[in-house]
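Source file: work-v6.cif; contents: mmCIF, C-alpha atoms.
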data_upload
#
loop_
_atom_site.group_PDB
_atom_site.id
_atom_site.type_symbol
_atom_site.label_atom_id
_atom_site.label_comp_id
_atom_site.auth_asym_id
_atom_site.auth_seq_id
_atom_site.Cartn_x
_atom_site.Cartn_y
_atom_site.Cartn_z
ATOM 1 C CA MET D 11 7.729 136.127 50.529
ATOM 2 C CA LYS D 12 3.941 135.946 50.252
ATOM 3 C CA ARG D 13 4.267 134.417 46.822
ATOM 4 C CA SER D 14 6.596 131.652 48.030
ATOM 5 C CA LEU D 15 4.237 130.898 50.941
ATOM 6 C CA PHE D 16 1.328 130.708 48.519
ATOM 7 C CA ILE D 17 3.259 128.395 46.196
ATOM 8 C CA SER D 18 4.328 126.189 49.120
ATOM 9 C CA ALA D 19 0.754 125.979 50.370
ATOM 10 C CA PHE D 20 -0.439 125.108 46.866
ATOM 11 C CA ILE D 21 2.158 122.330 46.585
ATOM 12 C CA PHE D 22 1.746 120.784 50.048
ATOM 13 C CA LEU D 23 -1.993 121.208 50.601
ATOM 14 C CA PRO D 24 -3.056 118.382 48.241
ATOM 15 C CA SER D 25 -0.693 115.904 49.918
ATOM 16 C CA PHE D 26 -1.930 117.005 53.353
ATOM 17 C CA LEU D 27 -5.552 116.577 52.278
ATOM 18 C CA PHE D 28 -4.766 113.202 50.660
ATOM 19 C CA ALA D 29 -3.111 112.057 53.903
ATOM 20 C CA GLN D 30 -6.159 113.185 55.880
ATOM 21 C CA SER D 31 -8.479 111.143 53.664
ATOM 22 C CA HIS D 32 -6.203 108.125 54.118
ATOM 23 C CA THR D 33 -6.547 108.416 57.875
ATOM 24 C CA LYS D 34 -10.325 108.239 57.536
ATOM 25 C CA ASP D 35 -10.080 105.401 55.012
ATOM 26 C CA GLU D 36 -7.618 103.502 57.196
ATOM 27 C CA MET D 37 -10.065 103.749 60.092
ATOM 28 C CA ALA D 38 -12.850 102.404 57.841
ATOM 29 C CA ILE D 39 -10.643 99.483 56.756
ATOM 30 C CA LYS D 40 -9.772 98.715 60.388
ATOM 31 C CA GLN D 41 -13.514 98.681 61.099
ATOM 32 C CA VAL D 42 -14.039 96.069 58.361
ATOM 33 C CA ILE D 43 -11.259 93.925 59.844
ATOM 34 C CA GLN D 44 -12.783 94.261 63.320
ATOM 35 C CA GLN D 45 -16.244 93.347 62.019
ATOM 36 C CA GLN D 46 -14.845 90.274 60.262
ATOM 37 C CA GLU D 47 -13.168 89.213 63.501
ATOM 38 C CA SER D 48 -16.469 89.594 65.340
ATOM 39 C CA ALA D 49 -18.351 87.621 62.670
ATOM 40 C CA TRP D 50 -15.785 84.782 62.823
ATOM 41 C CA ASN D 51 -16.039 84.560 66.593
ATOM 42 C CA LYS D 52 -19.842 84.320 66.280
ATOM 43 C CA TYR D 53 -19.415 81.728 63.473
ATOM 44 C CA ASP D 54 -21.528 83.964 61.237
ATOM 45 C CA TRP D 55 -20.056 83.072 57.849
ATOM 46 C CA GLU D 56 -22.661 85.171 55.984
ATOM 47 C CA ALA D 57 -21.558 88.315 57.824
ATOM 48 C CA PHE D 58 -17.876 87.359 57.495
ATOM 49 C CA SER D 59 -18.208 86.869 53.722
ATOM 50 C CA ASN D 60 -20.245 90.043 53.246
ATOM 51 C CA TYR D 61 -17.026 92.088 53.451
ATOM 52 C CA PHE D 62 -15.773 90.575 50.177
ATOM 53 C CA THR D 63 -16.639 91.991 46.755
ATOM 54 C CA ASP D 64 -18.832 89.802 44.543
ATOM 55 C CA ASP D 65 -15.797 88.907 42.401
ATOM 56 C CA ALA D 66 -13.301 88.574 45.271
ATOM 57 C CA THR D 67 -10.619 85.911 45.436
ATOM 58 C CA LEU D 68 -9.196 84.234 48.511
ATOM 59 C CA ILE D 69 -6.172 81.953 48.764
ATOM 60 C CA ASN D 70 -6.309 80.192 52.113
ATOM 61 C CA PHE D 71 -3.282 79.110 54.144
ATOM 62 C CA VAL D 72 -3.172 75.647 52.507
ATOM 63 C CA GLY D 73 -3.231 77.140 49.001
ATOM 64 C CA GLN D 74 -6.855 76.620 48.008
ATOM 65 C CA PHE D 75 -8.124 79.259 45.578
ATOM 66 C CA TRP D 76 -11.686 80.437 46.120
ATOM 67 C CA LYS D 77 -13.257 82.775 43.586
ATOM 68 C CA GLY D 78 -16.266 84.983 44.191
ATOM 69 C CA LYS D 79 -18.072 85.929 47.383
ATOM 70 C CA HIS D 80 -20.514 83.026 46.980
ATOM 71 C CA ASP D 81 -17.673 80.477 46.619
ATOM 72 C CA ILE D 82 -15.897 81.956 49.650
ATOM 73 C CA LEU D 83 -19.109 81.752 51.684
ATOM 74 C CA ALA D 84 -19.785 78.177 50.515
ATOM 75 C CA HIS D 85 -16.320 77.076 51.670
ATOM 76 C CA PHE D 86 -16.670 78.762 55.060
ATOM 77 C CA LYS D 87 -20.047 77.078 55.548
ATOM 78 C CA LEU D 88 -18.596 73.719 54.468
ATOM 79 C CA LEU D 89 -15.626 74.016 56.832
ATOM 80 C CA GLY D 90 -17.519 75.719 59.646
ATOM 81 C CA ASP D 91 -18.622 72.879 61.905
ATOM 82 C CA CYS D 92 -15.582 70.650 61.519
ATOM 83 C CA CYS D 93 -12.745 73.107 61.342
ATOM 84 C CA LEU D 94 -13.713 76.672 62.255
ATOM 85 C CA VAL D 95 -16.217 76.495 65.117
ATOM 86 C CA PRO D 96 -13.575 74.982 67.454
ATOM 87 C CA THR D 97 -11.537 78.174 67.005
ATOM 88 C CA SER D 98 -11.532 81.844 67.858
ATOM 89 C CA LEU D 99 -9.396 84.489 66.271
ATOM 90 C CA LYS D 100 -7.939 87.932 66.648
ATOM 91 C CA PHE D 101 -6.867 90.182 63.779
ATOM 92 C CA GLU D 102 -4.134 92.743 64.273
ATOM 93 C CA PHE D 103 -3.890 95.507 61.674
ATOM 94 C CA ILE D 104 -0.265 95.992 60.632
ATOM 95 C CA ASN D 105 -0.170 98.441 57.747
ATOM 96 C CA ALA D 106 -2.100 99.922 54.827
ATOM 97 C CA ARG D 107 -0.522 101.243 51.661
ATOM 98 C CA PHE D 108 -2.857 103.259 49.479
ATOM 99 C CA ILE D 109 -2.316 102.812 45.757
ATOM 100 C CA ASN D 110 -4.880 105.534 45.111
ATOM 101 C CA SER D 111 -7.959 106.852 46.887
ATOM 102 C CA ASP D 112 -9.969 103.684 46.099
ATOM 103 C CA ILE D 113 -7.392 100.860 46.394
ATOM 104 C CA ALA D 114 -5.302 99.805 49.385
ATOM 105 C CA ILE D 115 -2.938 96.931 50.103
ATOM 106 C CA VAL D 116 -3.504 95.942 53.717
ATOM 107 C CA TYR D 117 -1.370 93.702 55.911
ATOM 108 C CA SER D 118 -2.636 92.173 59.125
ATOM 109 C CA GLU D 119 -1.851 89.260 61.374
ATOM 110 C CA GLU D 120 -4.285 86.554 62.379
ATOM 111 C CA THR D 121 -3.950 84.766 65.701
ATOM 112 C CA LEU D 122 -6.063 81.604 65.640
ATOM 113 C CA HIS D 123 -6.770 79.892 68.959
ATOM 114 C CA HIS D 124 -7.892 76.263 69.083
ATOM 115 C CA ASN D 125 -10.511 76.065 71.821
ATOM 116 C CA LYS D 126 -10.833 72.269 71.938
ATOM 117 C CA ASP D 127 -9.239 69.121 70.539
ATOM 118 C CA TYR D 128 -10.388 68.261 67.017
ATOM 119 C CA ASP D 129 -9.218 66.563 63.831
ATOM 120 C CA VAL D 130 -9.062 67.709 60.238
ATOM 121 C CA PRO D 131 -7.897 65.490 57.359
ATOM 122 C CA PHE D 132 -4.306 66.702 57.581
ATOM 123 C CA ARG D 133 -3.836 67.407 61.282
ATOM 124 C CA HIS D 134 -4.906 66.886 64.880
ATOM 125 C CA TYR D 135 -5.361 70.145 66.814
ATOM 126 C CA LYS D 136 -5.159 70.331 70.586
ATOM 127 C CA LYS D 137 -6.958 72.735 72.869
ATOM 128 C CA GLY D 138 -4.711 75.693 73.640
ATOM 129 C CA GLU D 139 -2.671 75.557 70.432
ATOM 130 C CA THR D 140 -2.274 78.815 68.552
ATOM 131 C CA GLU D 141 -1.475 79.503 64.903
ATOM 132 C CA TYR D 142 -0.311 82.769 63.408
ATOM 133 C CA LYS D 143 -0.905 83.869 59.834
ATOM 134 C CA MET D 144 -0.043 86.951 57.813
ATOM 135 C CA LEU D 145 -2.866 88.274 55.677
ATOM 136 C CA THR D 146 -2.465 90.349 52.564
ATOM 137 C CA HIS D 147 -5.675 92.024 51.417
ATOM 138 C CA ILE D 148 -6.487 94.218 48.468
ATOM 139 C CA PHE D 149 -9.256 96.544 49.607
ATOM 140 C CA VAL D 150 -11.313 98.532 47.107
ATOM 141 C CA LYS D 151 -13.700 101.366 47.820
ATOM 142 C CA LYS D 152 -16.973 101.397 45.906
ATOM 143 C CA ASN D 153 -19.947 103.564 46.799
ATOM 144 C CA ASN D 154 -17.936 104.933 49.737
ATOM 145 C CA GLU D 155 -17.609 101.429 51.243
ATOM 146 C CA TRP D 156 -14.395 99.413 51.656
ATOM 147 C CA LYS D 157 -14.515 95.717 50.701
ATOM 148 C CA ILE D 158 -11.948 92.984 50.150
ATOM 149 C CA SER D 159 -11.232 92.255 46.500
ATOM 150 C CA ALA D 160 -8.411 89.759 47.085
ATOM 151 C CA ALA D 161 -6.914 88.024 50.100
ATOM 152 C CA GLN D 162 -4.063 85.622 50.741
ATOM 153 C CA LEU D 163 -3.222 83.966 54.047
ATOM 154 C CA THR D 164 0.268 82.701 54.835
ATOM 155 C CA LEU D 165 0.948 80.460 57.811
ATOM 156 C CA ILE D 166 3.841 81.830 59.862
ATOM 157 C CA ASN D 167 6.317 79.014 60.434
ATOM 158 C CA GLN D 168 7.139 79.182 64.139
ATOM 159 C CA ILE D 169 10.529 77.517 63.658
ATOM 160 C CA LEU D 170 11.750 79.901 60.958
ATOM 161 C CA SER D 171 9.921 82.980 62.189
ATOM 162 C CA PRO D 172 8.878 82.558 65.823
ATOM 163 C CA HIS D 173 6.007 84.724 66.912
ATOM 164 C CA ASN D 174 7.157 87.465 69.223
ATOM 165 C CA THR D 175 4.536 89.773 70.671
ATOM 166 C CA SER D 176 7.105 92.374 71.689
ATOM 167 C CA GLY D 177 8.715 94.327 68.908
ATOM 168 C CA LYS D 178 7.160 92.418 66.055
ATOM 169 C CA HIS D 179 6.951 93.958 62.608
#
Would you encode the structure as structure tokens?
Amino acid sequence: MKRSLFISAFIFLPSFLFAQSHTKDEMAIKQVIQQQESAWNKYDWEAFSNYFTDDATLINFVGQFWKGKHDILAHFKLLGDCCLVPTSLKFEFINARFINSDIAIVYSEETLHHNKDYDVPFRHYKKGETEYKMLTHIFVKKNNEWKISAAQLTLINQILSPHNTSGKH
């Protein structure tokens, strides 16, 4: 009996410990997401971009491909005054799937509020409008710090997939 308990403990202990470390890592990833939300709402594109790795990639919701933290920052600065400052956003963490102890696929939802009327080349936004996007991030942990290595945003079509705050996901 003691032997079978010992064997069971030996088998299940690593998975228990691995799950415990994921809880801590998931909390750290949620912190990064929260800090990015805060940076966006302060229109601090330097702070927002600091959570990307130097070689990160980002595909925005209109399909533009940005490569490298400096390119991502340059685009946010370029778009800031015309297209981003009239907005505020909220990120909602949905799920994290850990590939190993240093890589996680993270899903979250972005709720983007338009705080005033403004125009962009392809659209006129009105105060009070809201957009929803799904975000897929690849987070990597280096030097005990989680950063975004890749990100893709997908606009949620409200006709095909209406946003529903109750019972979503």
- Using only C-alpha atoms, which of D:Ile104, D:Cys93, D:Ala114, D:Ala38 sits nearest Ser159 of chain D? D:Ala114
- Item | Answer key for the PyMOL selection byres ((chain D and resi 67) around 6), residues as a PyMOL selection string | chain D and resi 66+68+76-78+160
Can I get the selected residues back with C-alpha atoms, as an mmCIF file, in the coordinates of the input?
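Wrote it out as again.cif, contents follow:
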data_model
loop_
_atom_site.group_PDB
_atom_site.id
_atom_site.type_symbol
_atom_site.label_atom_id
_atom_site.label_comp_id
_atom_site.auth_asym_id
_atom_site.auth_seq_id
_atom_site.Cartn_x
_atom_site.Cartn_y
_atom_site.Cartn_z
ATOM 1 C CA ALA D 66 -13.301 88.574 45.271
ATOM 2 C CA LEU D 68 -9.196 84.234 48.511
ATOM 3 C CA TRP D 76 -11.686 80.437 46.120
ATOM 4 C CA LYS D 77 -13.257 82.775 43.586
ATOM 5 C CA GLY D 78 -16.266 84.983 44.191
ATOM 6 C CA ALA D 160 -8.411 89.759 47.085
#
Distance table requested - segment 33-84 of chain D against segment 126-143 of chain D, cut-off 12 Å, only C-alpha atoms: one row per qualifying residue with the closest atom pair and its distance in Å to one decimal, ordered by chain and rising residue number, as a Markdown table.
| residue | atom | partner | partner_atom | distance |
| --- | --- | --- | --- | --- |
| D:Asn70 | CA | D:Lys143 | CA | 10.1 |
| D:Phe71 | CA | D:Lys143 | CA | 7.8 |
| D:Val72 | CA | D:Phe132 | CA | 10.3 |
Evaluate the PyMOL selection byres ((chain D and resi 85) around 12) here and jot the selected residues down as an mmCIF file with C-alpha atoms, keeping the file's coordinate frame.
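Output saved as expr03.cif:
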data_model
loop_
_atom_site.group_PDB
_atom_site.id
_atom_site.type_symbol
_atom_site.label_atom_id
_atom_site.label_comp_id
_atom_site.auth_asym_id
_atom_site.auth_seq_id
_atom_site.Cartn_x
_atom_site.Cartn_y
_atom_site.Cartn_z
ATOM 1 C CA TRP D 55 -20.056 83.072 57.849
ATOM 2 C CA GLU D 56 -22.661 85.171 55.984
ATOM 3 C CA PHE D 58 -17.876 87.359 57.495
ATOM 4 C CA SER D 59 -18.208 86.869 53.722
ATOM 5 C CA LEU D 68 -9.196 84.234 48.511
ATOM 6 C CA ILE D 69 -6.172 81.953 48.764
ATOM 7 C CA ASN D 70 -6.309 80.192 52.113
ATOM 8 C CA GLN D 74 -6.855 76.620 48.008
ATOM 9 C CA PHE D 75 -8.124 79.259 45.578
ATOM 10 C CA TRP D 76 -11.686 80.437 46.120
ATOM 11 C CA LYS D 77 -13.257 82.775 43.586
ATOM 12 C CA GLY D 78 -16.266 84.983 44.191
ATOM 13 C CA LYS D 79 -18.072 85.929 47.383
ATOM 14 C CA HIS D 80 -20.514 83.026 46.980
ATOM 15 C CA ASP D 81 -17.673 80.477 46.619
ATOM 16 C CA ILE D 82 -15.897 81.956 49.650
ATOM 17 C CA LEU D 83 -19.109 81.752 51.684
ATOM 18 C CA ALA D 84 -19.785 78.177 50.515
ATOM 19 C CA PHE D 86 -16.670 78.762 55.060
ATOM 20 C CA LYS D 87 -20.047 77.078 55.548
ATOM 21 C CA LEU D 88 -18.596 73.719 54.468
ATOM 22 C CA LEU D 89 -15.626 74.016 56.832
ATOM 23 C CA GLY D 90 -17.519 75.719 59.646
ATOM 24 C CA ASP D 91 -18.622 72.879 61.905
ATOM 25 C CA CYS D 92 -15.582 70.650 61.519
ATOM 26 C CA CYS D 93 -12.745 73.107 61.342
ATOM 27 C CA LEU D 94 -13.713 76.672 62.255
#
- What residues come out when you apply the PyMOL selection byres ((chain D and resi 49) around 12) to this file, written as a PyMOL selection string? chain D and resi 42-48+50-61+86+94-95+98-101
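Of the listed residues D:Lys34, D:Lys40, D:Lys151, D:Lys157, the one whose atoms come nearest to Asn110 of chain D is D:Lys151, with distances taken using all atoms listed in the file.
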Output, as lines of an AutoDock Vina configuration file, the centre and edge lengths in Å (one decimal) of the axis-aligned box that contains all listed atoms of segment 33-38 of chain D with 4 Å of margin on each side.
center_x = -9.7
center_y = 105.4
center_z = 57.6
size_x = 14.3
size_y = 14.0
size_z = 13.1
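Coordinates place atom CA of Ile39 of chain D at a distance of 26.8 Å from atom CA of Asn167 of chain D.
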